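Shown below: query39.tsv, with TSV, C-alpha atoms.
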chain	number	residue	atom	x	y	z
Y	1	ILE	CA	33.24	-4.21	15.39
Y	2	ILE	CA	31.41	-6.88	17.37
Y	3	VAL	CA	29.50	-6.06	20.55
Y	4	ASN	CA	28.22	-8.80	22.88
Y	5	ILE	CA	25.48	-7.82	25.31
Y	6	PRO	CA	24.12	-10.18	27.96
Y	7	ASN	CA	20.54	-9.73	29.16
Y	8	PRO	CA	20.85	-8.79	32.85
Y	9	LYS	CA	17.20	-9.74	33.52
Y	10	ALA	CA	17.42	-13.19	31.94
Y	11	THR	CA	20.75	-14.83	32.68
Y	12	ARG	CA	19.71	-18.05	30.93
Y	13	GLU	CA	19.21	-16.28	27.61
Y	14	PRO	CA	22.19	-16.30	25.25
Y	15	THR	CA	24.30	-13.19	24.91
Y	16	ARG	CA	23.12	-11.00	22.01
Y	17	THR	CA	25.74	-10.21	19.41
Y	18	PHE	CA	25.68	-7.12	17.19
Y	19	THR	CA	28.11	-6.54	14.33
Y	20	PHE	CA	28.85	-3.06	12.98
Y	21	ASP	CA	30.88	-2.14	9.91
Y	22	LEU	CA	31.65	1.31	11.30
Y	23	VAL	CA	30.97	3.25	14.49
Y	24	PHE	CA	31.14	7.04	14.66
Y	25	GLY	CA	31.59	8.94	17.91
Y	26	PRO	CA	30.20	12.36	18.80
Y	27	GLU	CA	33.39	14.06	17.57
Y	28	SER	CA	32.89	12.71	14.02
Y	29	THR	CA	32.28	15.29	11.33
Y	30	GLN	CA	29.55	15.23	8.71
Y	31	ALA	CA	32.27	14.99	6.04
Y	32	GLU	CA	33.81	11.91	7.69
Y	33	ILE	CA	30.43	10.21	7.91
Y	34	TYR	CA	29.63	11.07	4.29
Y	35	ASN	CA	32.99	9.93	2.94
Y	36	GLU	CA	32.94	6.61	4.80
Y	37	THR	CA	29.30	5.65	4.30
Y	38	ALA	CA	27.60	7.48	1.44
Y	39	ARG	CA	30.35	8.43	-1.02
Y	40	PRO	CA	30.88	4.81	-2.18
Y	41	ILE	CA	27.13	4.49	-2.83
Y	42	VAL	CA	27.00	7.73	-4.83
Y	43	ASP	CA	30.08	6.63	-6.80
Y	44	ALA	CA	28.30	3.34	-7.63
Y	45	VAL	CA	25.19	5.27	-8.74
Y	46	LEU	CA	27.38	7.32	-11.06
Y	47	GLU	CA	28.56	4.03	-12.59
Y	48	GLY	CA	24.97	3.05	-13.34
Y	49	TYR	CA	23.98	1.06	-10.26
Y	50	ASN	CA	20.96	1.75	-8.07
Y	51	GLY	CA	21.78	3.01	-4.61
Y	52	THR	CA	19.88	3.68	-1.42
Y	53	ILE	CA	21.00	5.55	1.66
Y	54	PHE	CA	18.68	4.66	4.48
Y	55	ALA	CA	18.58	6.01	8.06
Y	56	TYR	CA	16.94	3.83	10.68
Y	57	GLY	CA	16.62	4.19	14.41
Y	58	GLN	CA	14.72	5.47	17.39
Y	59	THR	CA	13.27	8.97	17.53
Y	60	GLY	CA	15.82	11.51	18.74
Y	61	THR	CA	18.96	9.57	17.79
Y	62	GLY	CA	20.21	12.00	15.13
Y	63	LYS	CA	18.91	10.52	11.87
Y	64	THR	CA	17.62	13.85	10.55
Y	65	PHE	CA	20.81	15.71	11.45
Y	66	THR	CA	22.98	13.00	9.91
Y	67	MET	CA	20.92	12.92	6.72
Y	68	ALA	CA	20.08	16.63	6.30
Y	69	GLY	CA	22.38	18.50	8.66
Y	70	ASP	CA	22.42	22.28	8.62
Y	71	ARG	CA	22.60	23.46	5.01
Y	72	SER	CA	23.52	27.01	6.03
Y	73	VAL	CA	26.86	25.84	7.53
Y	74	PRO	CA	28.98	23.94	4.98
Y	75	GLU	CA	30.75	21.81	7.63
Y	76	LEU	CA	27.37	20.72	9.02
Y	77	ARG	CA	25.74	19.66	5.74
Y	78	GLY	CA	24.42	16.12	6.01
Y	79	ILE	CA	24.55	13.12	3.74
Y	80	ILE	CA	21.77	14.32	1.42
Y	81	PRO	CA	23.19	17.76	0.51
Y	82	ASN	CA	26.70	16.30	0.33
Y	83	SER	CA	25.38	13.64	-2.07
Y	84	PHE	CA	23.79	16.35	-4.22
Y	85	ALA	CA	27.06	18.30	-4.43
Y	86	HIS	CA	29.07	15.15	-5.16
Y	87	LEU	CA	26.64	13.94	-7.83
Y	88	PHE	CA	26.44	17.20	-9.75
Y	89	GLY	CA	30.17	17.85	-9.29
Y	90	VAL	CA	30.95	14.61	-11.11
Y	91	ILE	CA	28.32	15.33	-13.77
Y	92	ALA	CA	29.82	18.80	-14.39
Y	93	LYS	CA	33.27	17.24	-14.95
Y	94	SER	CA	32.05	14.42	-17.18
Y	95	GLU	CA	33.34	14.26	-20.71
Y	96	GLY	CA	32.38	12.47	-23.87
Y	97	GLU	CA	29.04	10.99	-24.76
Y	98	THR	CA	27.91	10.17	-21.22
Y	99	GLN	CA	24.47	11.53	-20.39
Y	100	PHE	CA	22.87	11.67	-16.96
Y	101	LEU	CA	19.21	11.71	-15.95
Y	102	VAL	CA	18.69	12.61	-12.29
Y	103	ARG	CA	15.31	12.00	-10.68
Y	104	VAL	CA	14.32	12.87	-7.15
Y	105	SER	CA	11.74	11.26	-4.90
Y	106	TYR	CA	11.32	11.82	-1.19
Y	107	LEU	CA	9.52	9.27	0.95
Y	108	GLU	CA	9.12	8.51	4.62
Y	109	ILE	CA	8.68	5.10	6.17
Y	110	TYR	CA	7.13	5.38	9.61
Y	111	ASN	CA	5.22	2.77	11.61
Y	112	GLU	CA	5.25	0.48	8.55
Y	113	GLY	CA	3.54	3.12	6.41
Y	114	VAL	CA	5.11	4.68	3.31
Y	115	ARG	CA	4.30	8.31	2.50
Y	116	ASP	CA	5.30	10.39	-0.52
Y	117	LEU	CA	6.59	13.68	0.87
Y	118	LEU	CA	6.53	15.40	-2.55
Y	119	SER	CA	2.97	14.41	-3.43
Y	120	LYS	CA	-0.04	16.71	-3.30
Y	121	ASN	CA	-1.57	14.15	-0.94
Y	122	THR	CA	1.22	13.46	1.57
Y	123	LYS	CA	-1.13	11.59	3.92
Y	124	ALA	CA	-1.84	8.78	1.43
Y	125	LYS	CA	-0.21	5.45	2.27
Y	126	LEU	CA	1.74	3.96	-0.63
Y	127	GLU	CA	2.55	0.34	-1.36
Y	128	VAL	CA	5.96	-1.23	-1.83
Y	129	ARG	CA	5.85	-3.60	-4.79
Y	130	GLU	CA	8.21	-5.79	-6.76
Y	131	ARG	CA	8.33	-6.64	-10.45
Y	132	SER	CA	10.79	-8.94	-12.17
Y	133	ASP	CA	11.67	-6.32	-14.81
Y	134	ILE	CA	12.35	-3.35	-12.50
Y	135	GLY	CA	12.75	-4.83	-9.01
Y	136	VAL	CA	11.40	-3.24	-5.84
Y	137	TYR	CA	9.57	0.07	-6.19
Y	138	VAL	CA	6.96	2.22	-4.46
Y	139	LYS	CA	3.72	2.35	-6.42
Y	140	ASP	CA	2.61	5.92	-7.30
Y	141	LEU	CA	5.74	7.56	-5.82
Y	142	THR	CA	6.24	11.06	-7.23
Y	143	SER	CA	9.47	11.62	-9.15
Y	144	PHE	CA	10.94	14.89	-10.46
Y	145	VAL	CA	13.74	15.33	-13.01
Y	146	VAL	CA	16.31	17.83	-11.71
Y	147	LYS	CA	19.20	19.54	-13.44
Y	148	ASN	CA	21.23	20.96	-10.54
Y	149	VAL	CA	21.83	21.05	-6.79
Y	150	ASP	CA	19.48	24.01	-6.25
Y	151	GLU	CA	16.52	22.14	-7.77
Y	152	MET	CA	17.28	19.15	-5.55
Y	153	LEU	CA	17.56	21.32	-2.44
Y	154	LYS	CA	14.21	22.99	-3.18
Y	155	LEU	CA	12.55	19.58	-3.39
Y	156	MET	CA	14.28	18.52	-0.19
Y	157	LEU	CA	12.82	21.57	1.57
Y	158	VAL	CA	9.32	20.74	0.30
Y	159	GLY	CA	9.67	17.15	1.48
Y	160	SER	CA	11.06	18.20	4.86
Y	161	LYS	CA	8.12	20.53	5.45
Y	162	ASN	CA	5.73	17.65	4.66
Y	163	ARG	CA	7.23	15.36	7.31

Just give me the structure of the file as structure tokens.
Amino acid sequence: IIVNIPNPKATREPTRTFTFDLVFGPESTQAEIYNETARPIVDAVLEGYNGTIFAYGQTGTGKTFTMAGDRSVPELRGIIPNSFAHLFGVIAKSEGETQFLVRVSYLEIYNEGVRDLLSKNTKAKLEVRERSDIGVYVKDLTSFVVKNVDEMLKLMLVGSKNR
């Protein structure tokens, strides 16, 4: 989907063009959004690739609802709890010698600052670094090994409270 927007205040400026892979309207369900956007990333993670699901936008545009949703209503669960269920559902059905190690971190990027929402010191600003052997990472980011959806949800609640 391509959207062209002229600047009404500066007619001599070129029209701005924005390209979107997908656009979801207000009638879209959390399941539709998850299946179209996040499910392929989680599937790739299960094949051994790194994956990131990142919400970006202005305050009040629905990022938190899209990502977290309402965990008490199954149809309103967001991308994060749906990812947890998907991930551990696949792990539970796995056969053979395949082993999985699931680690959870929870960070917030706000006003160019990175904060660890699972750390004892959630106010500390962390640094984004890059190394040739491991790629991009956040220095001193807390990470927890989890064994099931409930452990992940508990950490999500802790992180959410620290926002």

Exercise for the section: Name all residues at most 8 Å from region 50-67 of chain Y (count all atoms listed in the file; drop same-chain ones fewer than 6 positions away) and give them as a VMD selection string. Expected result: chain Y and resid 30 38 41 to 42 44 78 to 80

Problem - region 92-94 of chain Y environment, 12 Å, only C-alpha atoms, sequence neighbours closer than 5 positions dropped, as a PyMOL selection string - result: chain Y and resi 46-47+85-87+99-100+147-149

Contact table region 34-110 of chain Y vs region 22-29 of chain Y, cut-off 9 Å, shortest pair per residue, all atoms listed in the file, as a Markdown table:
| residue | atom | partner | partner_atom | distance |
| --- | --- | --- | --- | --- |
| Y:Tyr34 | CA | Y:Thr29 | CA | 8.6 |
| Y:Glu36 | CA | Y:Leu22 | CA | 8.5 |
| Y:Thr37 | CA | Y:Leu22 | CA | 8.6 |
| Y:Glu75 | CA | Y:Thr29 | CA | 7.7 |
| Y:Leu76 | CA | Y:Thr29 | CA | 7.7 |

Practice task
Pick out the residues sitting within 9 Å of Glu108 (chain Y), and hand them over as number ranges by chain; count all atoms listed in the file, and ignore anything fewer than 5 positions along from it in its own chain.
Solution key: Y: 113-117, 163

Taking all atoms of region 104-122 of chain Y that the file lists and extending 3 Å past them on each side, where is the centre of the axis-aligned box and how long are its edges? Answer in Å to one decimal, as lines of an AutoDock Vina configuration file.
center_x = 6.4
center_y = 8.6
center_z = 2.2
size_x = 21.9
size_y = 22.2
size_z = 24.8

Handout entry: Nearest candidate to Val102 (chain Y) (options Y:Gly48, Y:Gly69, Y:Gly135, Y:Gly159; using all atoms listed in the file)
Key = Y:Gly48

Completion exercise
From the list Y:Tyr49, Y:Tyr137, Y:Phe18, Y:Phe144, the nearest residue to Pro6 (chain Y) using all atoms listed in the file is Y:Phe18

Problem - For Arg129 (chain Y): contacts at 8 Å, only C-alpha atoms, fewer than 6 positions along chain excluded, given as a ChimeraX atom specification - result: /Y:136-139

With C-alpha atoms kept, could you save the residues just selected as a tab-separated table (two decimals), in the frame of the given file?
chain	number	residue	atom	x	y	z
Y	136	VAL	CA	11.40	-3.24	-5.84
Y	137	TYR	CA	9.57	0.07	-6.19
Y	138	VAL	CA	6.96	2.22	-4.46
Y	139	LYS	CA	3.72	2.35	-6.42

Problem - Between CA of Val90 (chain Y) and CA of Met152 (chain Y), distance in Å (one decimal) - result: 15.4 Å

Problem - Among listed residues Y:Ser119, Y:Ser160, Y:Ser143, Y:Ser132, nearest Arg103 (chain Y) (using all atoms listed in the file) - result: Y:Ser143

Exercise for the section: Quick one: pull the distance between CA of Arg16 (chain Y) and CA of Ile1 (chain Y), Å, one decimal. Expected result: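 So the two atoms, CA of Arg16 (chain Y) and CA of Ile1 (chain Y), lie 13.9 Å apart.
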
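Comparing the minimum interatomic distances between Asn35 (chain Y) and each of Y:Glu112, Y:Leu153, Y:Asn82, Y:Phe88, counting only C-alpha atoms, we find that Y:Asn82 sits nearest.
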
Exercise for the section: Check the smallest atom-to-atom distance from each of Y:Val158, Y:Ala10, Y:Ala31, Y:Val146 to Thr122 (chain Y) using all atoms listed in the file, then report the winner. Expected result: Y:Val158
